[in-house]
Amino acid sequence: MIMEIWLKILAALSPALVLAIVLVRKDLRPEPLRWLLAAAGFGVLTGFGVLLLGFTVLPNVSTDTYFGAMVSSFIDAAIPEELLKFCALYLVARKCRHFDEAFDGVVYAVCIGMGFAGLENVLYLFGADDEWVMVGVSRALLAVPAHYFFAVIMGSLFSLGWFDTRHRTRYMTLALIAPIAVHGVYDTLCFSMAIDEALSGIILLAFILGFNFIRKCSRQLIQLMLKIDRYVLAEKEI
């Protein structure tokens, strides 16, 4: 029993931890470990915040219809989750004096996102009873990477707004709206696959294409942020 508990915890946290470490290692000037851990802690707190909202304010809409699936995806998940993550990222940027490069937005957003995803995974795996292994594998391949992609999108746009004061409002708005939109569509497709078997194949194809698209976009955004930092560092050395 004790061994199974530890295996569930390991299976829940490992995917988020691996993705965070891989991303952090790309940073040209690594951030202090205490701030990375603090950001992950904020991510965990956002998870508890969403749970609290779910028990008190959010409507918990049924996903038995396509419209219900869409409404639930945005109202019960995408909007509160990404809004709280955005607030956590803004708090880190305001308080952390090491937030001084474009890629830092991605680093801290991913740490926040992986903290959230880790907590979410723990809750899902401990609620899956005997099917926890299958749930753990599916979430490691889909849900956790999805949260990673949402975080990369948010962090990149947030950094563009943070350091470009002329267009701050535009980028900050996109940093909130874009992850909400992508997250909401992702969840809508997930819920919709179980509604009508006749359309499940088409929805699955749309899901695969969409997932691959946001993966490529995330990779390009990471490269763009790193390119900006390399340019700025080169300018400082001249």
# chains A, B, ... in the order shown; residues from 1 in each chain; ligands from 1
call {"tool": "residues_around", "arguments": {"residues": "segment 216-223 of chain A", "least_positions_apart": "6", "cutoff": "9 Å", "atoms": "only C-alpha atoms", "output": "list of chain:residue names"}}
result
A:Leu23, A:Phe103, A:Val106, A:Tyr148, A:Phe149, A:Phe150, A:Ala151, A:Val152, A:Ile153, A:Ser156, A:Leu157
call {"tool": "closest_residue", "arguments": {"among": "A:Ile214, A:Ile195, A:Cys190, A:Trp162", "to": "Arg94 of chain A", "atoms": "only C-alpha atoms"}}
result
A:Trp162
call {"tool": "atom_distance", "arguments": {"atom1": "atom CA of Glu237 of chain A", "atom2": "atom CA of Gly161 of chain A"}}
result
24.6 Å
call {"tool": "closest_atom_pairs", "arguments": {"of": "segment 113-213 of chain A", "to": "segment 39-46 of chain A", "cutoff": "7 Å", "atoms": "only C-alpha atoms", "output": "JSON lines"}}
result
{"residue": "A:Gly113", "atom": "CA", "partner": "A:Gly43", "partner_atom": "CA", "distance": 5.8}
{"residue": "A:Met114", "atom": "CA", "partner": "A:Ala40", "partner_atom": "CA", "distance": 6.6}
{"residue": "A:Gly115", "atom": "CA", "partner": "A:Gly43", "partner_atom": "CA", "distance": 4.4}
{"residue": "A:Phe116", "atom": "CA", "partner": "A:Gly43", "partner_atom": "CA", "distance": 4.4}
{"residue": "A:Leu119", "atom": "CA", "partner": "A:Val44", "partner_atom": "CA", "distance": 6.0}
call {"tool": "decode", "arguments": {"residues": "segment 168-207 of chain A", "atoms": "C-alpha atoms", "output": "mmCIF file, in the first residue's frame"}}
result
data_model
loop_
_atom_site.group_PDB
_atom_site.id
_atom_site.type_symbol
_atom_site.label_atom_id
_atom_site.label_comp_id
_atom_site.auth_asym_id
_atom_site.auth_seq_id
_atom_site.Cartn_x
_atom_site.Cartn_y
_atom_site.Cartn_z
ATOM 1 C CA ARG A 168 2.703 46.228 -23.121
ATOM 2 C CA THR A 169 -1.087 46.264 -23.059
ATOM 3 C CA ARG A 170 -1.331 44.393 -26.353
ATOM 4 C CA TYR A 171 1.105 41.640 -25.398
ATOM 5 C CA MET A 172 -0.173 41.268 -21.833
ATOM 6 C CA THR A 173 -3.710 40.890 -23.133
ATOM 7 C CA LEU A 174 -2.528 38.220 -25.569
ATOM 8 C CA ALA A 175 -0.545 36.542 -22.787
ATOM 9 C CA LEU A 176 -3.833 35.937 -21.002
ATOM 10 C CA ILE A 177 -6.233 35.391 -23.902
ATOM 11 C CA ALA A 178 -4.075 33.095 -26.071
ATOM 12 C CA PRO A 179 -3.495 30.382 -23.408
ATOM 13 C CA ILE A 180 -7.170 30.549 -22.421
ATOM 14 C CA ALA A 181 -8.221 30.063 -26.049
ATOM 15 C CA VAL A 182 -5.817 27.187 -26.695
ATOM 16 C CA HIS A 183 -6.597 25.537 -23.353
ATOM 17 C CA GLY A 184 -10.343 25.881 -23.899
ATOM 18 C CA VAL A 185 -10.210 24.360 -27.386
ATOM 19 C CA TYR A 186 -7.975 21.527 -26.126
ATOM 20 C CA ASP A 187 -10.421 20.616 -23.347
ATOM 21 C CA THR A 188 -13.422 20.995 -25.656
ATOM 22 C CA LEU A 189 -11.964 18.470 -28.099
ATOM 23 C CA CYS A 190 -11.127 16.095 -25.240
ATOM 24 C CA PHE A 191 -14.683 16.185 -23.882
ATOM 25 C CA SER A 192 -16.277 16.058 -27.349
ATOM 26 C CA MET A 193 -14.660 12.742 -28.287
ATOM 27 C CA ALA A 194 -16.908 10.959 -25.791
ATOM 28 C CA ILE A 195 -20.190 12.561 -26.948
ATOM 29 C CA ASP A 196 -20.803 11.010 -30.371
ATOM 30 C CA GLU A 197 -18.974 7.909 -31.611
ATOM 31 C CA ALA A 198 -19.835 8.779 -35.221
ATOM 32 C CA LEU A 199 -17.811 12.001 -34.998
ATOM 33 C CA SER A 200 -15.144 10.808 -32.582
ATOM 34 C CA GLY A 201 -12.716 9.981 -35.387
ATOM 35 C CA ILE A 202 -12.963 13.449 -36.909
ATOM 36 C CA ILE A 203 -12.607 15.085 -33.485
ATOM 37 C CA LEU A 204 -9.613 12.872 -32.709
ATOM 38 C CA LEU A 205 -7.944 13.943 -35.970
ATOM 39 C CA ALA A 206 -8.605 17.604 -35.131
ATOM 40 C CA PHE A 207 -7.158 17.019 -31.663
#
